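Colleague: I am sharing work_7.pdb, which consists of PDB, C-alpha atoms:
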```pdb
ATOM      1  CA  MET M 445     192.331 120.594 215.916
ATOM      2  CA  GLU M 446     195.148 118.539 214.412
ATOM      3  CA  ILE M 447     197.460 116.854 216.875
ATOM      4  CA  LEU M 448     200.816 115.948 215.356
ATOM      5  CA  ASP M 449     202.909 113.044 216.475
ATOM      6  CA  VAL M 450     206.046 115.178 216.880
ATOM      7  CA  THR M 451     206.987 118.822 216.676
ATOM      8  CA  ILE M 452     210.662 119.497 216.035
ATOM      9  CA  VAL M 453     212.193 122.873 216.871
ATOM     10  CA  GLY M 454     215.438 123.347 214.974
ATOM     11  CA  GLY M 455     216.336 122.674 211.345
ATOM     12  CA  GLY M 456     219.991 121.757 211.705
ATOM     13  CA  PRO M 457     221.512 118.286 211.269
ATOM     14  CA  ALA M 458     219.891 116.864 214.427
ATOM     15  CA  GLY M 459     216.385 118.098 213.672
ATOM     16  CA  LEU M 460     216.521 117.118 210.006
ATOM     17  CA  SER M 461     217.858 113.661 210.838
ATOM     18  CA  ALA M 462     215.063 113.107 213.346
ATOM     19  CA  ALA M 463     212.467 114.284 210.817
ATOM     20  CA  LEU M 464     213.803 111.829 208.244
ATOM     21  CA  VAL M 465     213.572 108.819 210.555
ATOM     22  CA  LEU M 466     210.136 109.795 211.858
ATOM     23  CA  GLY M 467     208.928 110.404 208.318
ATOM     24  CA  ARG M 468     209.963 106.889 207.394
ATOM     25  CA  CYS M 469     207.831 105.697 210.307
ATOM     26  CA  LEU M 470     204.833 107.540 208.793
ATOM     27  CA  ARG M 471     204.718 109.895 211.755
ATOM     28  CA  LYS M 472     203.042 113.283 211.327
ATOM     29  CA  VAL M 473     205.867 115.727 211.937
ATOM     30  CA  LYS M 474     206.310 119.471 211.674
ATOM     31  CA  LEU M 475     209.805 120.941 211.811
ATOM     32  CA  PHE M 476     210.390 124.629 212.473
ATOM     33  CA  ASP M 477     213.642 126.257 211.397
ATOM     34  CA  SER M 478     214.532 129.835 212.329
ATOM     35  CA  GLY M 479     217.232 129.867 209.631
ATOM     36  CA  LYS M 480     220.085 130.808 211.978
ATOM     37  CA  PRO M 481     222.605 127.936 211.944
ATOM     38  CA  ARG M 482     225.409 128.085 214.509
ATOM     39  CA  ASN M 483     228.021 127.343 211.820
ATOM     40  CA  ALA M 484     226.786 130.039 209.421
ATOM     41  CA  ALA M 485     230.301 131.498 209.175
ATOM     42  CA  ALA M 486     231.927 128.145 208.375
ATOM     43  CA  ARG M 487     233.061 127.485 204.809
ATOM     44  CA  ILE M 488     233.186 123.701 205.273
ATOM     45  CA  PHE M 489     232.591 121.069 207.930
ATOM     46  CA  ASN M 490     234.812 118.056 208.540
ATOM     47  CA  GLY M 491     234.965 114.752 210.385
ATOM     48  CA  TYR M 492     231.849 113.331 208.691
ATOM     49  CA  LEU M 493     232.675 110.069 206.914
ATOM     50  CA  SER M 494     231.696 110.336 203.206
ATOM     51  CA  ARG M 495     231.088 114.088 203.576
ATOM     52  CA  ASP M 496     234.440 115.344 204.854
ATOM     53  CA  GLY M 497     235.022 118.897 203.640
ATOM     54  CA  SER M 498     231.377 119.549 202.754
ATOM     55  CA  ASP M 499     229.701 122.943 202.379
ATOM     56  CA  PRO M 500     227.300 123.399 205.355
ATOM     57  CA  LYS M 501     224.734 125.324 203.316
ATOM     58  CA  GLU M 502     224.719 122.747 200.524
ATOM     59  CA  PHE M 503     224.440 119.951 203.081
ATOM     60  CA  LEU M 504     221.321 121.473 204.651
ATOM     61  CA  LYS M 505     219.826 122.056 201.203
ATOM     62  CA  VAL M 506     220.305 118.392 200.282
ATOM     63  CA  CYS M 507     218.808 117.264 203.604
ATOM     64  CA  ARG M 508     215.685 119.380 203.112
ATOM     65  CA  GLU M 509     215.285 118.101 199.565
ATOM     66  CA  GLU M 510     215.406 114.510 200.802
ATOM     67  CA  LEU M 511     212.598 115.205 203.277
ATOM     68  CA  LYS M 512     210.226 116.264 200.493
ATOM     69  CA  ARG M 513     209.464 112.651 199.580
ATOM     70  CA  TYR M 514     207.890 112.065 202.992
ATOM     71  CA  GLU M 515     204.374 113.480 202.819
ATOM     72  CA  THR M 516     203.852 113.282 206.584
ATOM     73  CA  VAL M 517     206.775 115.637 207.237
ATOM     74  CA  GLU M 518     206.451 119.410 206.868
ATOM     75  CA  VAL M 519     209.352 121.852 207.149
ATOM     76  CA  SER M 520     208.440 125.421 208.043
ATOM     77  CA  GLY M 521     210.428 128.617 208.473
ATOM     78  CA  GLY M 522     208.434 129.743 211.480
ATOM     79  CA  ASN M 523     210.106 130.842 214.704
ATOM     80  CA  VAL M 524     208.825 129.145 217.878
ATOM     81  CA  ILE M 525     208.770 131.558 220.820
ATOM     82  CA  SER M 526     207.101 129.548 223.579
ATOM     83  CA  ALA M 527     206.149 126.015 224.584
ATOM     84  CA  ALA M 528     203.924 124.480 227.218
ATOM     85  CA  GLN M 529     202.660 121.047 228.197
ATOM     86  CA  GLU M 530     198.932 120.613 228.695
ATOM     87  CA  ASP M 531     196.894 117.414 229.070
ATOM     88  CA  CYS M 532     199.855 115.224 228.062
ATOM     89  CA  ARG M 533     200.283 117.284 224.870
ATOM     90  CA  PHE M 534     202.819 119.913 223.880
ATOM     91  CA  ILE M 535     201.714 123.266 222.519
ATOM     92  CA  VAL M 536     204.251 125.482 220.781
ATOM     93  CA  THR M 537     203.445 129.047 219.802
ATOM     94  CA  LEU M 538     204.945 130.801 216.787
ATOM     95  CA  GLU M 539     205.782 134.483 216.401
ATOM     96  CA  THR M 540     202.623 134.772 214.317
ATOM     97  CA  GLY M 541     200.529 133.555 217.239
ATOM     98  CA  GLU M 542     199.784 130.201 215.597
ATOM     99  CA  ARG M 543     199.683 127.302 218.055
ATOM    100  CA  ILE M 544     200.825 123.792 217.122
ATOM    101  CA  HIS M 545     199.773 120.735 219.157
ATOM    102  CA  SER M 546     201.752 117.488 219.263
ATOM    103  CA  ARG M 547     202.107 114.364 221.336
ATOM    104  CA  LEU M 548     205.889 114.684 221.664
ATOM    105  CA  LEU M 549     208.374 117.526 221.255
ATOM    106  CA  LEU M 550     212.007 117.485 220.134
ATOM    107  CA  LEU M 551     214.288 120.428 220.877
ATOM    108  CA  ALA M 552     217.129 120.609 218.361
ATOM    109  CA  SER M 553     217.581 124.371 218.340
ATOM    110  CA  GLY M 554     221.287 124.338 219.177
ATOM    111  CA  LEU M 555     223.566 126.763 220.952
ATOM    112  CA  VAL M 556     224.857 130.291 220.420
ATOM    113  CA  ASP M 557     228.560 131.100 220.771
ATOM    114  CA  GLU M 558     229.626 134.309 222.475
ATOM    115  CA  LEU M 559     232.369 135.427 220.096
ATOM    116  CA  PRO M 560     235.567 137.208 221.203
ATOM    117  CA  GLN M 561     235.145 140.960 221.317
ATOM    118  CA  LEU M 562     238.358 141.653 219.437
ATOM    119  CA  LYS M 563     238.738 144.271 216.750
ATOM    120  CA  GLY M 564     238.978 142.598 213.364
ATOM    121  CA  PHE M 565     237.728 139.223 214.584
ATOM    122  CA  LYS M 566     234.679 139.025 212.299
ATOM    123  CA  GLU M 567     236.824 139.344 209.183
ATOM    124  CA  PHE M 568     238.621 136.101 210.033
ATOM    125  CA  TYR M 569     235.856 134.090 211.696
ATOM    126  CA  GLY M 570     235.160 130.882 209.796
ATOM    127  CA  LYS M 571     238.308 131.096 207.680
ATOM    128  CA  THR M 572     241.337 131.594 209.925
ATOM    129  CA  ALA M 573     239.587 131.976 213.310
ATOM    130  CA  HIS M 574     237.850 128.901 214.719
ATOM    131  CA  ASN M 575     236.574 127.380 217.944
ATOM    132  CA  CYS M 576     236.789 123.643 217.185
ATOM    133  CA  PRO M 577     240.136 121.956 216.483
ATOM    134  CA  TYR M 578     238.361 118.720 215.515
ATOM    135  CA  CYS M 579     236.657 120.664 212.727
ATOM    136  CA  ASP M 580     239.535 122.876 211.583
ATOM    137  CA  GLY M 581     242.784 121.816 213.248
ATOM    138  CA  TRP M 582     243.920 119.518 210.440
ATOM    139  CA  GLU M 583     243.593 122.250 207.812
ATOM    140  CA  HIS M 584     246.007 124.410 209.834
ATOM    141  CA  ARG M 585     248.395 121.669 210.954
ATOM    142  CA  GLY M 586     251.954 122.878 211.463
ATOM    143  CA  GLU M 587     250.984 126.562 211.383
ATOM    144  CA  PRO M 588     251.758 129.091 214.139
ATOM    145  CA  MET M 589     248.598 129.233 216.265
ATOM    146  CA  VAL M 590     247.223 131.634 218.838
ATOM    147  CA  VAL M 591     244.514 130.960 221.384
ATOM    148  CA  ALA M 592     242.568 134.020 222.529
ATOM    149  CA  GLY M 593     241.220 133.846 226.057
ATOM    150  CA  GLY M 594     242.338 133.876 229.648
ATOM    151  CA  ASN M 595     240.206 131.236 231.367
ATOM    152  CA  GLN M 596     240.498 127.521 232.081
ATOM    153  CA  ASP M 597     238.898 126.505 228.782
ATOM    154  CA  ALA M 598     241.324 128.625 226.779
ATOM    155  CA  ALA M 599     244.304 127.156 228.619
ATOM    156  CA  ASP M 600     243.042 123.604 228.042
ATOM    157  CA  LEU M 601     242.483 124.365 224.357
ATOM    158  CA  SER M 602     246.059 125.645 224.037
ATOM    159  CA  ILE M 603     247.418 122.336 225.312
ATOM    160  CA  GLU M 604     245.117 120.323 223.047
ATOM    161  CA  LEU M 605     246.246 122.261 219.980
ATOM    162  CA  LEU M 606     249.768 120.879 220.361
ATOM    163  CA  LEU M 607     248.375 117.858 218.514
ATOM    164  CA  TRP M 608     248.203 120.042 215.401
ATOM    165  CA  SER M 609     251.101 122.474 215.873
ATOM    166  CA  LYS M 610     254.318 122.753 217.876
ATOM    167  CA  ASP M 611     253.973 126.547 217.927
ATOM    168  CA  VAL M 612     251.016 127.558 220.116
ATOM    169  CA  VAL M 613     250.768 130.841 222.034
ATOM    170  CA  LEU M 614     248.064 131.686 224.561
ATOM    171  CA  CYS M 615     247.072 135.368 224.533
ATOM    172  CA  THR M 616     245.079 136.068 227.673
ATOM    173  CA  ASP M 617     244.424 139.809 227.160
ATOM    174  CA  GLY M 618     245.006 140.209 230.895
ATOM    175  CA  GLU M 619     245.482 137.801 233.769
ATOM    176  CA  LEU M 620     245.197 134.050 233.265
ATOM    177  CA  THR M 621     242.605 132.360 235.478
ATOM    178  CA  CYS M 622     243.116 128.609 235.516
ATOM    179  CA  ASP M 623     244.112 125.971 238.038
ATOM    180  CA  GLN M 624     247.683 125.362 239.129
ATOM    181  CA  LYS M 625     247.838 121.962 237.445
ATOM    182  CA  THR M 626     247.085 123.524 234.062
ATOM    183  CA  ARG M 627     249.625 126.300 234.634
ATOM    184  CA  LYS M 628     252.309 123.682 235.157
ATOM    185  CA  GLN M 629     251.176 121.799 232.046
ATOM    186  CA  LEU M 630     251.416 124.970 229.964
ATOM    187  CA  GLU M 631     254.957 125.458 231.208
ATOM    188  CA  ARG M 632     256.003 121.836 230.655
ATOM    189  CA  CYS M 633     254.538 121.871 227.147
ATOM    190  CA  GLY M 634     256.399 125.049 226.228
ATOM    191  CA  ILE M 635     253.299 127.139 225.538
ATOM    192  CA  ARG M 636     254.008 130.838 225.805
ATOM    193  CA  VAL M 637     251.462 132.888 227.753
ATOM    194  CA  LEU M 638     251.218 136.546 226.747
ATOM    195  CA  LYS M 639     249.228 138.807 229.057
ATOM    196  CA  GLN M 640     249.491 142.017 227.034
ATOM    197  CA  ARG M 641     246.245 143.720 226.140
ATOM    198  CA  ILE M 642     245.137 143.009 222.595
ATOM    199  CA  LYS M 643     244.492 146.001 220.343
ATOM    200  CA  ALA M 644     243.350 144.186 217.202
ATOM    201  CA  LEU M 645     243.713 141.197 214.943
ATOM    202  CA  GLU M 646     245.447 142.030 211.683
ATOM    203  CA  GLY M 647     245.539 140.302 208.341
ATOM    204  CA  ASP M 648     244.907 140.381 204.626
ATOM    205  CA  GLY M 649     241.248 139.912 203.747
ATOM    206  CA  ASP M 650     240.098 136.887 205.724
ATOM    207  CA  MET M 651     243.626 135.566 206.201
ATOM    208  CA  LEU M 652     244.970 136.260 209.687
ATOM    209  CA  LYS M 653     248.534 137.598 209.899
ATOM    210  CA  GLY M 654     248.793 138.146 213.629
ATOM    211  CA  VAL M 655     247.866 139.915 216.854
ATOM    212  CA  ARG M 656     248.628 143.578 217.537
ATOM    213  CA  PHE M 657     248.937 144.536 221.197
ATOM    214  CA  THR M 658     248.239 147.917 222.782
ATOM    215  CA  ASP M 659     251.951 148.385 223.537
ATOM    216  CA  GLY M 660     252.621 148.294 219.768
ATOM    217  CA  SER M 661     254.183 144.821 219.687
ATOM    218  CA  PHE M 662     253.020 142.267 217.125
ATOM    219  CA  LEU M 663     252.732 138.484 217.281
ATOM    220  CA  ALA M 664     252.787 136.820 213.861
ATOM    221  CA  ARG M 665     250.171 134.027 213.664
ATOM    222  CA  SER M 666     248.241 132.470 210.791
ATOM    223  CA  VAL M 667     245.296 130.995 212.712
ATOM    224  CA  LEU M 668     243.373 131.799 215.891
ATOM    225  CA  PHE M 669     241.346 129.450 218.051
ATOM    226  CA  PHE M 670     239.024 130.334 220.917
ATOM    227  CA  SER M 671     236.793 128.505 223.396
ATOM    228  CA  PRO M 672     233.469 130.360 223.518
ATOM    229  CA  VAL M 673     231.001 130.755 226.320
ATOM    230  CA  GLN M 674     227.779 129.200 225.031
ATOM    231  CA  ARG M 675     224.074 129.538 225.712
ATOM    232  CA  GLN M 676     220.920 127.898 224.456
ATOM    233  CA  ARG M 677     219.604 129.513 221.273
ATOM    234  CA  SER M 678     216.048 128.940 222.473
ATOM    235  CA  THR M 679     214.481 129.432 225.888
ATOM    236  CA  LEU M 680     211.992 126.605 225.321
ATOM    237  CA  ALA M 681     213.866 124.065 227.455
ATOM    238  CA  GLU M 682     213.946 126.513 230.345
ATOM    239  CA  GLN M 683     210.252 127.321 229.887
ATOM    240  CA  LEU M 684     209.388 123.627 230.090
ATOM    241  CA  GLY M 685     211.493 123.024 233.213
ATOM    242  CA  CYS M 686     214.468 121.083 231.850
ATOM    243  CA  ARG M 687     217.619 120.491 233.830
ATOM    244  CA  PHE M 688     220.920 121.807 232.453
ATOM    245  CA  SER M 689     224.546 120.745 232.795
ATOM    246  CA  ASP M 690     227.386 123.098 233.695
ATOM    247  CA  ASP M 691     228.141 123.702 229.999
ATOM    248  CA  ALA M 692     224.579 124.983 229.355
ATOM    249  CA  CYS M 693     223.463 121.794 227.587
ATOM    250  CA  ILE M 694     220.077 120.200 228.259
ATOM    251  CA  GLN M 695     220.450 117.103 230.439
ATOM    252  CA  CYS M 696     219.225 113.961 228.656
ATOM    253  CA  ASP M 697     219.473 110.223 229.109
ATOM    254  CA  GLU M 698     221.097 107.879 226.606
ATOM    255  CA  LYS M 699     217.898 107.916 224.514
ATOM    256  CA  ALA M 700     217.798 111.732 224.293
ATOM    257  CA  ALA M 701     214.872 111.993 226.732
ATOM    258  CA  THR M 702     214.838 114.962 229.113
ATOM    259  CA  CYS M 703     213.450 114.983 232.652
ATOM    260  CA  ILE M 704     210.104 116.123 231.175
ATOM    261  CA  PRO M 705     207.978 113.168 229.940
ATOM    262  CA  GLY M 706     207.552 113.329 226.158
ATOM    263  CA  LEU M 707     210.235 115.983 225.698
ATOM    264  CA  TYR M 708     213.462 115.079 223.909
ATOM    265  CA  ALA M 709     216.582 117.032 222.928
ATOM    266  CA  ALA M 710     219.309 116.360 220.372
ATOM    267  CA  GLY M 711     222.300 118.024 218.764
ATOM    268  CA  ASN M 712     224.418 120.823 220.197
ATOM    269  CA  ALA M 713     221.658 121.810 222.608
ATOM    270  CA  SER M 714     222.073 118.547 224.508
ATOM    271  CA  ARG M 715     225.617 117.219 224.053
ATOM    272  CA  GLY M 716     229.197 118.294 224.585
ATOM    273  CA  VAL M 717     230.441 116.794 221.284
ATOM    274  CA  GLN M 718     229.546 119.516 218.806
ATOM    275  CA  LEU M 719     230.171 117.885 215.435
ATOM    276  CA  VAL M 720     227.743 117.619 212.517
ATOM    277  CA  VAL M 721     228.116 113.847 212.381
ATOM    278  CA  ALA M 722     227.324 113.586 216.099
ATOM    279  CA  ALA M 723     224.250 115.801 215.734
ATOM    280  CA  VAL M 724     222.931 113.613 212.907
ATOM    281  CA  ALA M 725     223.418 110.501 215.039
ATOM    282  CA  GLU M 726     221.718 112.092 218.042
ATOM    283  CA  GLY M 727     218.759 113.130 215.912
ATOM    284  CA  THR M 728     218.411 109.538 214.751
ATOM    285  CA  LEU M 729     218.606 108.174 218.306
ATOM    286  CA  ALA M 730     215.994 110.673 219.480
ATOM    287  CA  ALA M 731     213.655 109.788 216.596
ATOM    288  CA  VAL M 732     213.868 106.049 217.299
ATOM    289  CA  ALA M 733     213.193 106.613 221.006
ATOM    290  CA  MET M 734     210.249 108.899 220.244
ATOM    291  CA  ASN M 735     208.747 106.467 217.761
ATOM    292  CA  ASN M 736     209.095 103.647 220.298
ATOM    293  CA  GLU M 737     207.293 105.744 222.888
ATOM    294  CA  LEU M 738     204.466 106.415 220.435
ATOM    295  CA  VAL M 739     204.253 102.730 219.482
ATOM    296  CA  GLU M 740     203.982 101.748 223.143
ATOM    297  CA  ALA M 741     201.219 104.298 223.766
ATOM    298  CA  ASP M 742     199.279 103.342 220.640
ATOM    299  CA  ALA M 743     199.579  99.620 221.366
ATOM    300  CA  GLU M 744     198.279 100.206 224.871
ATOM    301  CA  SER M 745     195.250 102.131 223.565
ATOM    302  CA  GLY M 746     194.622  99.768 220.661
ATOM    303  CA  SER M 747     195.092 102.510 218.063
ATOM    304  CA  LEU M 748     198.301 101.193 216.511
ATOM    305  CA  ARG M 749     197.474 100.549 212.868
ATOM    306  CA  PHE M 750     198.411 101.642 209.348
ATOM    307  CA  ALA M 751     196.536 104.826 208.464
TER
END
```
How would this structure read if it were set down as C-alpha cells?
Modeller:
Amino acid sequence: MEILDVTIVGGGPAGLSAALVLGRCLRKVKLFDSGKPRNAAARIFNGYLSRDGSDPKEFLKVCREELKRYETVEVSGGNVISAAQEDCRFIVTLETGERIHSRLLLLASGLVDELPQLKGFKEFYGKTAHNCPYCDGWEHRGEPMVVAGGNQDAADLSIELLLWSKDVVLCTDGELTCDQKTRKQLERCGIRVLKQRIKALEGDGDMLKGVRFTDGSFLARSVLFFSPVQRQRSTLAEQLGCRFSDDACIQCDEKAATCIPGLYAAGNASRGVQLVVAAVAEGTLAAVAMNNELVEADAESGSLRFA
C-alpha cells in the first residue's frame, strides 16, 4: 500500500499552489479536483499583481500545465467523499470507493455561495451581478449600484460600496435587520433603503438595467452586489472534527494548521479574504508548513534522505 506524503482536496488556486511547492520539495502528492470552482461564473479575476484581469479558466489551465513537470505530483479529477485519520495517517475515500493513504492532508475545497433567489439573477451573475467589490468594484466605478439583501452584511456592503460609487441603493426585499449603529451610518451616508418586494431583475442579455418591484415601480441600476451566506463545499473538515469560525471557515493557525494534527486548510475554506492572490499565498504557506512537519518527522526517525 502506497502512503503519500500529502493528499490535497481541491484544485483551485490554493490547492494548486500547495502542490507546486510540495512538488518542488520532491514530496509525493495527489491532488483531487471535483471541477466545480466557486468563481465559475466569473469572466475575469482582479487584484492579482501581474495577472490583473485574467481569465479564471485559463489561469487554472496554466497552473495545471506547470505541475506536469513535477513527477511526484499527480492531479486527478476524482471526488473525495469522506476522510478519516487512522494510525497517524489520513485515509480519503473517493466516489469510486478507492482509498488513498497519506501522512498529511490539505483541505482546499473552498466554499459555496448561496445565491439570491431573484428572478433573472442568473442571467447577470458574473457580468453585472457580483459579491466582491474588491474583485469587481473598480470595473463599475461611478455607476448606479444596488445591493440586494436585508441583513447586516448587506447593509455593511452598501456602505463599503460608496468607495466605488456615490449612488448606492439598498434593496432589502422586506424589513432590514441590522444594528442601530449601521442604520444611522446608512442615513448619514445618504444610502437609500427600499423595502419593496422585488419581482425581478431586468436587463438586456447579461447587462443589468434595473430592479422591478411587485408594486410595478422600477429602479434603474447597472450593477448589483450581494453578500452571500456561505458554506463549506466539502464536509471533510466536519467529518475530521475541525473547529469553525462564525463565517463557516475552518479555524487555522498562522501556518494553516487546523486543530487536528497533520490536517491543514487553505484558501476560501479557511480565510475571510476571498481573493485568488490570497488563496495562492495561503496554499504556499500551508505547503511550507507541511513540508517542515515532514522534515521534522523524517529527521527524528532517521529517514530523511534523497530518494
Colleague: For Glu631 (chain M), list every protein, DNA or RNA residue within 12 Å, evaluated using only C-alpha atoms, and leave out those in the same chain fewer than 4 positions away; present the list as an mmCIF file with C-alpha atoms, in the frame of the given file.
Modeller:
```
data_model
loop_
_atom_site.group_PDB
_atom_site.id
_atom_site.type_symbol
_atom_site.label_atom_id
_atom_site.label_comp_id
_atom_site.auth_asym_id
_atom_site.auth_seq_id
_atom_site.Cartn_x
_atom_site.Cartn_y
_atom_site.Cartn_z
ATOM 1 C CA ALA M 599 244.304 127.156 228.619
ATOM 2 C CA SER M 602 246.059 125.645 224.037
ATOM 3 C CA ILE M 603 247.418 122.336 225.312
ATOM 4 C CA VAL M 612 251.016 127.558 220.116
ATOM 5 C CA VAL M 613 250.768 130.841 222.034
ATOM 6 C CA LEU M 614 248.064 131.686 224.561
ATOM 7 C CA GLN M 624 247.683 125.362 239.129
ATOM 8 C CA LYS M 625 247.838 121.962 237.445
ATOM 9 C CA THR M 626 247.085 123.524 234.062
ATOM 10 C CA ARG M 627 249.625 126.300 234.634
ATOM 11 C CA ILE M 635 253.299 127.139 225.538
ATOM 12 C CA ARG M 636 254.008 130.838 225.805
ATOM 13 C CA VAL M 637 251.462 132.888 227.753
#
```
Colleague: Assuming the chain letters and numbering stay as they are in my file, what does the PyMOL selection byres ((chain M and resi 662-671) around 8) actually select? List them as a CSV table (one decimal) with C-alpha atoms, in the coordinates of the input.
Modeller:
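Writing the result to part.csv gives the following:
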```
chain,number,residue,atom,x,y,z
M,560,PRO,CA,235.6,137.2,221.2
M,572,THR,CA,241.3,131.6,209.9
M,573,ALA,CA,239.6,132.0,213.3
M,574,HIS,CA,237.8,128.9,214.7
M,575,ASN,CA,236.6,127.4,217.9
M,576,CYS,CA,236.8,123.6,217.2
M,577,PRO,CA,240.1,122.0,216.5
M,584,HIS,CA,246.0,124.4,209.8
M,587,GLU,CA,251.0,126.6,211.4
M,588,PRO,CA,251.8,129.1,214.1
M,589,MET,CA,248.6,129.2,216.3
M,590,VAL,CA,247.2,131.6,218.8
M,591,VAL,CA,244.5,131.0,221.4
M,592,ALA,CA,242.6,134.0,222.5
M,593,GLY,CA,241.2,133.8,226.1
M,597,ASP,CA,238.9,126.5,228.8
M,598,ALA,CA,241.3,128.6,226.8
M,601,LEU,CA,242.5,124.4,224.4
M,651,MET,CA,243.6,135.6,206.2
M,652,LEU,CA,245.0,136.3,209.7
M,653,LYS,CA,248.5,137.6,209.9
M,654,GLY,CA,248.8,138.1,213.6
M,655,VAL,CA,247.9,139.9,216.9
M,656,ARG,CA,248.6,143.6,217.5
M,657,PHE,CA,248.9,144.5,221.2
M,660,GLY,CA,252.6,148.3,219.8
M,661,SER,CA,254.2,144.8,219.7
M,672,PRO,CA,233.5,130.4,223.5
M,673,VAL,CA,231.0,130.8,226.3
```
Colleague: When the PyMOL selection byres ((chain M and resi 445) around 12) is applied to the structure above, which residues does it catch, written out as a CSV table (one decimal) with C-alpha atoms, in the coordinates of the input?
Modeller:
```csv
chain,number,residue,atom,x,y,z
M,446,GLU,CA,195.1,118.5,214.4
M,447,ILE,CA,197.5,116.9,216.9
M,448,LEU,CA,200.8,115.9,215.4
M,535,ILE,CA,201.7,123.3,222.5
M,543,ARG,CA,199.7,127.3,218.1
M,544,ILE,CA,200.8,123.8,217.1
M,545,HIS,CA,199.8,120.7,219.2
M,546,SER,CA,201.8,117.5,219.3
```
Colleague: Please list as a list of chain:residue names every residue within 9 Å of region 510-519 of chain M, counting all atoms listed in the file and excluding residues in the same chain fewer than 3 positions away.
Modeller: M:Gly455, M:Leu460, M:Ala463, M:Leu464, M:Leu466, M:Gly467, M:Arg468, M:Leu470, M:Arg471, M:Lys472, M:Val473, M:Lys474, M:Leu475, M:Phe476, M:Asp477, M:Lys505, M:Val506, M:Cys507
Colleague: Suppose we keep C-alpha atoms; can you now write the selection as a tab-separated table (two decimals), in the frame of the given file?
Modeller:
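Saved result, result_9.tsv, follows:
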```tsv
chain	number	residue	atom	x	y	z
M	455	GLY	CA	216.34	122.67	211.34
M	460	LEU	CA	216.52	117.12	210.01
M	463	ALA	CA	212.47	114.28	210.82
M	464	LEU	CA	213.80	111.83	208.24
M	466	LEU	CA	210.14	109.80	211.86
M	467	GLY	CA	208.93	110.40	208.32
M	468	ARG	CA	209.96	106.89	207.39
M	470	LEU	CA	204.83	107.54	208.79
M	471	ARG	CA	204.72	109.90	211.76
M	472	LYS	CA	203.04	113.28	211.33
M	473	VAL	CA	205.87	115.73	211.94
M	474	LYS	CA	206.31	119.47	211.67
M	475	LEU	CA	209.80	120.94	211.81
M	476	PHE	CA	210.39	124.63	212.47
M	477	ASP	CA	213.64	126.26	211.40
M	505	LYS	CA	219.83	122.06	201.20
M	506	VAL	CA	220.30	118.39	200.28
M	507	CYS	CA	218.81	117.26	203.60
```
Colleague: Write out as a ChimeraX atom specification each polymer residue whose atoms come within 8 Å of Leu719 (chain M), counting all atoms listed in the file; drop sequence neighbours fewer than 3 positions from it.
Modeller: /M:491,579,722-723
Colleague: How many Å lie between CA of Ala528 (chain M) and CA of Gln683 (chain M), rounded to one decimal?
Modeller: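 Interatomic distance, CA of Ala528 (chain M) to CA of Gln683 (chain M): 7.4 Å.
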Colleague: As an exercise, work out the distance from CA of Gly522 (chain M) to CA of Asp742 (chain M) in Å and give it to one decimal place.
Modeller: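 Separation of CA of Gly522 (chain M) and CA of Asp742 (chain M): 29.4 Å.
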Colleague: Carefully work through the PyMOL selection byres ((chain M and resi 713) around 6) for this structure and note down the residues it includes, as a ChimeraX atom specification.
Modeller: /M:554-555,693,711-712,714
Colleague: For Trp608 (chain M), list every protein, DNA or RNA residue within 7 Å, evaluated using only C-alpha atoms, and leave out those in the same chain fewer than 2 positions away; present the list as number ranges by chain.
Modeller: M: 581-582, 585-586, 605-606
Colleague: Starting from the point (228.3, 122.8, 209.2), work out which residues of protein, DNA or RNA have an atom no more than 10 Å away when counting all atoms listed in the file; state them as a PyMOL selection string.
Modeller: chain M and resi 456-457+481-490+497-504+579+719-721
Colleague: Select, from M:Val724, M:Gly649, M:Ala462, M:Arg677, the residue with the minimum atom-to-atom distance to Lys566 (chain M), counting all atoms listed in the file.
Modeller: M:Gly649
Colleague: Between CA of Val450 (chain M) and CA of Leu549 (chain M), what distance in Å does the model show, to one decimal?
Modeller: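 Rounded to one decimal, the two atoms are 5.5 Å apart.
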Colleague: Give me region 658-668 of chain M with N, CA and C atoms filled in, as a PDB file, keeping the file's coordinate frame.
Modeller:
```pdb
ATOM      1  N   THR M 658     248.354 146.481 222.519  1.00  0.00           N
ATOM      2  CA  THR M 658     248.239 147.917 222.782  1.00  0.00           C
ATOM      3  C   THR M 658     249.588 148.580 223.001  1.00  0.00           C
ATOM      4  N   ASP M 659     250.616 147.796 223.355  1.00  0.00           N
ATOM      5  CA  ASP M 659     251.951 148.385 223.537  1.00  0.00           C
ATOM      6  C   ASP M 659     252.700 148.514 222.207  1.00  0.00           C
ATOM      7  N   GLY M 660     252.029 148.170 221.097  1.00  0.00           N
ATOM      8  CA  GLY M 660     252.621 148.294 219.768  1.00  0.00           C
ATOM      9  C   GLY M 660     253.287 147.033 219.254  1.00  0.00           C
ATOM     10  N   SER M 661     253.532 146.058 220.127  1.00  0.00           N
ATOM     11  CA  SER M 661     254.183 144.821 219.687  1.00  0.00           C
ATOM     12  C   SER M 661     253.223 143.984 218.828  1.00  0.00           C
ATOM     13  N   PHE M 662     253.814 143.059 218.067  1.00  0.00           N
ATOM     14  CA  PHE M 662     253.020 142.267 217.125  1.00  0.00           C
ATOM     15  C   PHE M 662     253.450 140.806 217.203  1.00  0.00           C
ATOM     16  N   LEU M 663     252.482 139.920 217.266  1.00  0.00           N
ATOM     17  CA  LEU M 663     252.732 138.484 217.281  1.00  0.00           C
ATOM     18  C   LEU M 663     252.242 137.898 215.966  1.00  0.00           C
ATOM     19  N   ALA M 664     253.159 137.410 215.148  1.00  0.00           N
ATOM     20  CA  ALA M 664     252.787 136.820 213.861  1.00  0.00           C
ATOM     21  C   ALA M 664     252.137 135.455 214.085  1.00  0.00           C
ATOM     22  N   ARG M 665     250.929 135.284 213.571  1.00  0.00           N
ATOM     23  CA  ARG M 665     250.171 134.027 213.664  1.00  0.00           C
ATOM     24  C   ARG M 665     249.324 133.896 212.400  1.00  0.00           C
ATOM     25  N   SER M 666     249.065 132.666 211.990  1.00  0.00           N
ATOM     26  CA  SER M 666     248.241 132.470 210.791  1.00  0.00           C
ATOM     27  C   SER M 666     246.859 131.907 211.097  1.00  0.00           C
ATOM     28  N   VAL M 667     246.618 131.495 212.352  1.00  0.00           N
ATOM     29  CA  VAL M 667     245.296 130.995 212.712  1.00  0.00           C
ATOM     30  C   VAL M 667     245.038 131.244 214.197  1.00  0.00           C
ATOM     31  N   LEU M 668     243.788 131.551 214.516  1.00  0.00           N
ATOM     32  CA  LEU M 668     243.373 131.799 215.891  1.00  0.00           C
ATOM     33  C   LEU M 668     242.287 130.796 216.278  1.00  0.00           C
TER      34      LEU M 668
END
```
